$ cat structure30.cif   # mmCIF, C-alpha atoms
data_protein
#
loop_
_atom_site.label_atom_id
_atom_site.label_comp_id
_atom_site.auth_asym_id
_atom_site.auth_seq_id
_atom_site.Cartn_x
_atom_site.Cartn_y
_atom_site.Cartn_z
CA LEU T 1 -150.87 -29.95 -64.08
CA ALA T 2 -147.73 -32.11 -63.88
CA VAL T 3 -145.75 -31.61 -67.09
CA GLY T 4 -143.18 -33.94 -68.58
CA GLU T 5 -141.78 -34.31 -72.10
CA HIS T 6 -144.41 -33.17 -74.59
CA VAL T 7 -144.99 -32.11 -78.22
CA ARG T 8 -146.37 -28.61 -78.73
CA MET T 9 -148.23 -27.67 -81.93
CA PRO T 10 -150.76 -25.06 -83.08
CA ARG T 11 -154.07 -26.42 -84.34
CA MET T 12 -153.84 -24.17 -87.42
CA TYR T 13 -150.80 -22.80 -89.27
CA ARG T 14 -150.76 -20.38 -92.19
CA GLY T 15 -154.47 -20.92 -92.81
CA ARG T 16 -154.37 -24.74 -92.84
CA ASP T 17 -154.82 -27.49 -90.27
CA ILE T 18 -151.53 -28.62 -88.72
CA GLN T 19 -152.22 -32.22 -89.77
CA TRP T 20 -152.42 -31.04 -93.38
CA TRP T 21 -148.93 -29.58 -93.04
CA MET T 22 -147.62 -32.75 -91.39
CA ASP T 23 -148.88 -34.81 -94.31
CA ALA T 24 -148.05 -32.44 -97.19
CA ALA T 25 -144.53 -31.70 -95.95
CA GLY T 26 -143.76 -35.41 -95.62
CA VAL T 27 -143.35 -35.46 -91.85
CA LEU T 28 -145.83 -38.31 -91.46
CA ASP T 29 -144.08 -40.29 -94.20
CA ARG T 30 -140.77 -40.34 -92.32
CA LYS T 31 -139.63 -43.95 -91.93
CA ILE T 32 -138.51 -45.59 -88.73
CA THR T 33 -135.35 -46.68 -90.54
CA ASP T 34 -134.37 -43.00 -90.74
CA GLU T 35 -134.22 -42.71 -86.95
CA GLU T 36 -130.96 -43.13 -85.06
CA ASP T 37 -132.73 -44.28 -81.89
CA VAL T 38 -135.77 -46.39 -82.81
CA ASN T 39 -136.98 -46.93 -79.25
CA ARG T 40 -136.83 -43.24 -78.39
CA ALA T 41 -138.59 -42.29 -81.64
CA ARG T 42 -141.45 -44.63 -80.79
CA ARG T 43 -141.76 -43.14 -77.31
CA VAL T 44 -142.33 -39.57 -78.53
CA PRO T 45 -145.56 -38.28 -76.92
CA SER T 46 -148.64 -37.42 -78.92
CA PRO T 47 -149.07 -33.73 -79.88
CA GLN T 48 -151.12 -31.41 -77.70
CA LEU T 49 -154.06 -31.01 -80.06
CA ILE T 50 -157.80 -30.67 -79.64
CA GLY T 51 -160.57 -31.12 -82.18
CA SER T 52 -163.21 -28.39 -82.10
CA PRO T 53 -165.28 -26.42 -84.63
CA GLU T 54 -163.10 -23.39 -83.91
CA ARG T 55 -159.90 -25.42 -84.32
CA THR T 56 -158.56 -23.87 -81.15
CA THR T 57 -154.92 -24.25 -80.18
CA LEU T 58 -154.51 -26.06 -76.88
CA ASP T 59 -151.13 -25.68 -75.18
CA LEU T 60 -149.75 -24.99 -71.74
CA ASN T 61 -150.13 -21.25 -72.23
CA ALA T 62 -153.82 -21.72 -72.98
CA LEU T 63 -154.25 -23.78 -69.83
CA SER T 64 -152.29 -21.26 -67.75
CA GLY T 65 -154.60 -18.56 -69.07
CA GLU T 66 -157.54 -20.54 -67.68
CA GLY T 67 -155.98 -20.62 -64.24
CA VAL T 68 -154.12 -23.96 -64.37
CA SER T 69 -150.89 -24.04 -62.33
CA LEU T 70 -147.98 -25.84 -63.98
CA VAL T 71 -145.58 -28.09 -62.09
CA GLY T 72 -142.85 -30.50 -63.17
CA ARG T 73 -143.16 -34.21 -63.80
CA LEU T 74 -144.53 -36.16 -60.84
CA ALA T 75 -141.56 -37.70 -59.05
CA ASN T 76 -142.85 -39.23 -55.83
CA ILE T 77 -145.87 -39.63 -53.57
CA ARG T 78 -145.49 -40.27 -49.88
CA ASP T 79 -148.29 -40.11 -47.34
CA HIS T 80 -150.29 -37.06 -48.43
CA LYS T 81 -147.41 -35.19 -50.05
CA ILE T 82 -146.60 -35.10 -53.78
CA GLN T 83 -143.15 -34.22 -55.07
CA PHE T 84 -142.42 -32.86 -58.55
CA SER T 85 -139.31 -32.75 -60.70
CA GLY T 86 -137.53 -29.45 -61.22
CA SER T 87 -137.30 -30.04 -64.97
CA LEU T 88 -140.40 -28.05 -65.96
CA ARG T 89 -138.45 -25.16 -67.48
CA ASN T 90 -136.19 -27.48 -69.51
CA CYS T 91 -139.15 -29.58 -70.76
CA CYS T 92 -141.00 -26.49 -71.94
CA ALA T 93 -137.90 -24.98 -73.59
CA LEU T 94 -137.27 -28.22 -75.47
CA ALA T 95 -140.89 -28.40 -76.65
CA ASP T 96 -140.70 -24.78 -77.85
CA LEU T 97 -137.43 -25.50 -79.69
CA LYS T 98 -138.87 -28.51 -81.50
CA LEU T 99 -142.02 -26.56 -82.35
CA ASN T 100 -140.07 -23.74 -84.00
CA ARG T 101 -137.96 -26.24 -85.95
CA LEU T 102 -141.11 -27.91 -87.24
CA LEU T 103 -142.73 -24.62 -88.26
CA SER T 104 -139.50 -23.57 -90.00
CA ALA T 105 -139.61 -26.84 -91.96
CA PHE T 106 -143.18 -26.02 -93.01
CA ASP T 107 -142.07 -22.54 -94.10
CA ASP T 108 -139.27 -24.06 -96.19
CA PHE T 109 -141.74 -26.46 -97.76
CA ALA T 110 -144.19 -23.63 -98.52
CA ALA T 111 -141.41 -21.61 -100.18
CA THR T 112 -140.96 -24.36 -102.77
CA SER T 113 -144.65 -24.46 -103.75
CA THR T 114 -146.43 -21.69 -105.65
CA LYS T 115 -149.78 -23.13 -104.56
CA LEU T 116 -148.99 -22.29 -100.93
CA ASN T 117 -148.07 -18.70 -101.65
CA ASN T 118 -151.47 -17.43 -100.52
CA GLY T 119 -150.26 -14.37 -98.70
CA VAL T 120 -150.48 -15.98 -95.26
CA ALA T 121 -147.09 -15.52 -93.60
CA GLY T 122 -145.45 -17.82 -91.12
CA GLU T 123 -145.81 -17.11 -87.44
CA ARG T 124 -144.42 -18.29 -84.14
CA LEU T 125 -146.20 -19.01 -80.90
CA ALA T 126 -145.18 -17.17 -77.77
CA PRO T 127 -142.72 -19.13 -75.60
CA THR T 128 -144.29 -21.29 -72.92
CA ILE T 129 -144.78 -19.27 -69.76
CA VAL T 130 -143.13 -21.02 -66.80
CA PRO T 131 -143.58 -19.82 -63.21
CA GLU T 132 -140.49 -18.00 -61.92
CA ARG T 133 -140.66 -20.00 -58.72
CA LEU T 134 -141.28 -23.68 -59.34
CA CYS T 135 -143.50 -25.69 -57.04
CA LEU T 136 -141.63 -28.85 -56.07
CA GLN T 137 -144.07 -30.22 -53.49
CA LEU T 138 -147.78 -30.17 -52.72
CA ASP T 139 -149.43 -31.15 -49.48
CA LEU T 140 -152.83 -32.57 -50.44
CA LYS T 141 -154.31 -31.87 -47.01
CA ARG T 142 -152.86 -28.42 -46.50
CA ASP T 143 -153.65 -27.28 -50.06
CA ASP T 144 -157.13 -28.84 -49.92
CA ILE T 145 -156.64 -30.95 -53.06
CA ARG T 146 -159.40 -33.54 -53.09
CA THR T 147 -159.20 -34.93 -56.63
CA VAL T 148 -156.24 -36.30 -58.60
CA ILE T 149 -156.75 -37.24 -62.27
CA TRP T 150 -154.20 -39.70 -63.65
CA ALA T 151 -153.77 -38.99 -67.37
CA THR T 152 -150.76 -41.18 -68.07
CA GLY T 153 -151.77 -42.64 -71.42
CA TYR T 154 -152.32 -46.29 -72.24
CA LYS T 155 -150.49 -49.33 -73.58
CA PRO T 156 -151.52 -52.41 -75.59
CA ASP T 157 -152.64 -55.55 -73.77
CA TYR T 158 -151.25 -58.72 -75.37
CA SER T 159 -152.31 -61.09 -72.60
CA TRP T 160 -154.36 -62.99 -75.19
CA LEU T 161 -151.27 -63.74 -77.30
CA HIS T 162 -149.86 -66.99 -75.93
CA LEU T 163 -146.54 -66.86 -77.77
CA PRO T 164 -143.04 -65.84 -76.58
CA VAL T 165 -142.96 -62.69 -78.73
CA LEU T 166 -143.15 -60.03 -75.99
CA ASP T 167 -140.34 -58.22 -74.20
CA ARG T 168 -140.09 -57.85 -70.41
CA LYS T 169 -142.39 -54.80 -70.52
CA GLY T 170 -145.08 -56.66 -72.45
CA LYS T 171 -144.39 -54.97 -75.78
CA LEU T 172 -144.50 -56.85 -79.06
CA ILE T 173 -141.04 -57.60 -80.45
CA HIS T 174 -141.14 -56.83 -84.15
CA ASP T 175 -139.22 -55.35 -87.06
CA GLN T 176 -141.53 -52.88 -88.82
CA GLY T 177 -144.54 -55.07 -88.09
CA VAL T 178 -142.88 -58.40 -88.85
CA VAL T 179 -142.60 -60.56 -85.73
CA SER T 180 -139.69 -63.00 -85.75
CA THR T 181 -140.56 -66.66 -85.18
CA PRO T 182 -139.09 -67.69 -81.80
CA ALA T 183 -136.72 -70.64 -81.64
CA GLY T 184 -138.60 -73.90 -81.31
CA TYR T 185 -141.80 -72.52 -82.84
CA ASP T 186 -142.90 -73.31 -86.37
CA PHE T 187 -146.07 -71.32 -87.06
CA GLY T 188 -145.13 -69.47 -90.23
CA GLY T 189 -145.40 -65.73 -89.86
CA LEU T 190 -146.89 -63.26 -87.40
CA TYR T 191 -147.58 -59.67 -88.41
CA ALA T 192 -148.86 -56.50 -86.76
CA MET T 193 -150.57 -53.36 -88.05
CA GLY T 194 -151.38 -49.97 -86.59
CA LEU T 195 -148.57 -49.81 -84.03
CA SER T 196 -147.05 -46.45 -83.15
CA TYR T 197 -144.32 -45.51 -85.68
CA MET T 198 -144.29 -49.11 -86.91
CA ARG T 199 -142.91 -48.25 -90.33
CA ARG T 200 -143.80 -44.58 -90.71
CA ARG T 201 -144.95 -41.81 -88.41
CA LYS T 202 -148.46 -42.26 -89.78
CA SER T 203 -148.55 -46.00 -89.03
CA SER T 204 -150.93 -45.54 -86.11
CA PHE T 205 -153.36 -43.45 -88.19
CA ILE T 206 -156.19 -45.07 -90.15
CA TYR T 207 -154.93 -43.83 -93.50
CA GLY T 208 -151.39 -44.85 -92.59
CA ALA T 209 -152.38 -48.51 -92.81
CA GLU T 210 -152.47 -48.36 -96.61
CA ASP T 211 -148.72 -48.18 -97.21
CA ASP T 212 -147.94 -50.49 -94.28
CA SER T 213 -150.38 -53.14 -95.49
CA LYS T 214 -148.66 -53.19 -98.88
CA ALA T 215 -145.28 -53.78 -97.27
CA VAL T 216 -146.62 -56.51 -94.97
CA THR T 217 -148.41 -58.18 -97.90
CA GLU T 218 -145.20 -58.19 -99.93
CA HIS T 219 -143.32 -59.79 -97.03
CA LEU T 220 -146.02 -62.43 -96.55
CA SER T 221 -146.21 -63.13 -100.28
CA GLY T 222 -142.44 -63.62 -100.41
CA TYR T 223 -142.61 -66.00 -97.46
CA LEU T 224 -145.33 -68.10 -99.15
CA ASP T 225 -143.39 -68.17 -102.43
CA ARG T 226 -140.31 -69.50 -100.63
CA LEU T 227 -142.42 -72.02 -98.77
CA VAL T 228 -143.93 -73.39 -101.97
CA ALA T 229 -140.52 -73.52 -103.64
CA THR T 230 -138.98 -75.54 -100.82
CA GLY T 231 -141.83 -77.72 -99.57
CA GLY T 232 -144.77 -77.58 -101.90
CA LYS T 233 -148.45 -77.17 -101.08
CA SER T 234 -148.49 -79.91 -98.43
CA SER T 235 -145.84 -78.06 -96.43
CA MET T 236 -147.84 -74.88 -96.83
CA ARG T 237 -150.97 -76.53 -95.44
CA LYS T 238 -148.94 -77.93 -92.54
CA HIS T 239 -147.60 -74.47 -91.64
CA ALA T 240 -151.10 -72.98 -91.86
CA SER T 241 -152.45 -75.65 -89.51
CA ARG T 242 -149.66 -75.05 -86.99
CA ALA T 243 -150.22 -71.32 -87.19
CA ALA T 244 -153.89 -71.74 -86.35
CA GLN T 245 -153.07 -74.03 -83.42
CA ALA T 246 -150.42 -71.60 -82.08
CA VAL T 247 -152.74 -68.58 -82.16
CA ALA T 248 -155.61 -70.56 -80.65
#
$ encode --input "structure30.cif" --output "structure tokens"
Amino acid sequence: LAVGEHVRMPRMYRGRDIQWWMDAAGVLDRKITDEEDVNRARRVPSPQLIGSPERTTLDLNALSGEGVSLVGRLANIRDHKIQFSGSLRNCCALADLKLNRLLSAFDDFAATSTKLNNGVAGERLAPTIVPERLCLQLDLKRDDIRTVIWATGYKPDYSWLHLPVLDRKGKLIHDQGVVSTPAGYDFGGLYAMGLSYMRRRKSSFIYGAEDDSKAVTEHLSGYLDRLVATGGKSSMRKHASRAAQAVA
């Protein structure tokens, strides 16, 4: 398993699901405006979590216990040889550090609530076990590796959106879900919902759409109020018609 930057979490903590703690402690309500580096914050990987009746914790230690060999991030492929980065130990140490900080924040939150004083103490997961000798290269033929599974995530496809509102990587250019109207285009407003860390950490979750939809509605309502004040209903109808033509 090639390992890069990742987020490590237990499925359960102090008798409750980890997502309950994320919500109750306000982690999922953190706003994108509170981040120093917006782009980096939006690139944070998804947590290593699995849904199962037993609510089992899935992490690199669990996989190692099942016989999975850990290697660093995939760096290069040439002919039948695969090269890996030597950053495995640093990536795992950073994930462990962030995990312990998060659990400490949950403990601090629990200390302020009498309802959470249920006798279940805080705990810490064992550090990620990293091989003493890192594997930096695999020979697919020599090591008899016949199957490679690419699990590199996914990204949105905006090929249907025929407007100059994408950056060079094909990502939507927006400010908390509000897409700026490009110069030379007069189609009113364009809005997005459900994007990763759009306004809050929970923006990409189903229940996170509630708060975001209120903010987007307020922005749209303000835009329509200004439009009526400056151009009247005829101008509003004209903008609506242009918007429909632009999207079509």
$ closest_residue --input "structure30.cif" --among "T:Ile77, T:Ala126, T:Val7, T:Leu195" --to "T:Asp139" --atoms "all atoms listed in the file"
T:Ile77
$ resolve_selection --input "structure30.cif" --expression "the PyMOL selection byres ((chain T and resi 71) around 6)" --output "list in words"
Leu1, Ala2, Leu70, Gly72 and Cys135 of chain T
$ atom_distance --input "structure30.cif" --atom1 "atom CA of T:His174" --atom2 "atom CA of T:Ala192"
8.2 Å
$ closest_residue --input "structure30.cif" --among "T:Pro127, T:Phe106, T:Tyr191, T:Tyr185" --to "T:Trp20" --atoms "only C-alpha atoms"
T:Phe106
$ residues_around --input "structure30.cif" --residues "T:Asp108" --least-positions-apart "4" --cutoff "12 Å" --atoms "only C-alpha atoms" --output "PyMOL selection string"
chain T and resi 21+25+101-104+112-113+116-117+121-122
$ resolve_selection --input "structure30.cif" --expression "the PyMOL selection byres ((chain T and resi 171) around 9)" --output "number ranges by chain"
T: 155-158, 165-170, 172-173
$ atom_distance --input "structure30.cif" --atom1 "atom CA of T:His219" --atom2 "atom CA of T:Arg30"
20.2 Å
$ residues_around --input "structure30.cif" --residues "T:Leu136" --least-positions-apart "3" --cutoff "12 Å" --atoms "all atoms listed in the file" --output "list in words"
Ala2, Leu70, Val71, Gly72, Arg73, Leu74, Ala75, Asn76, Ile77, Lys81, Ile82, Gln83, Phe84, Ser85, Gly86, Ser87, Leu88, Pro131, Arg133 and Asp139 of chain T
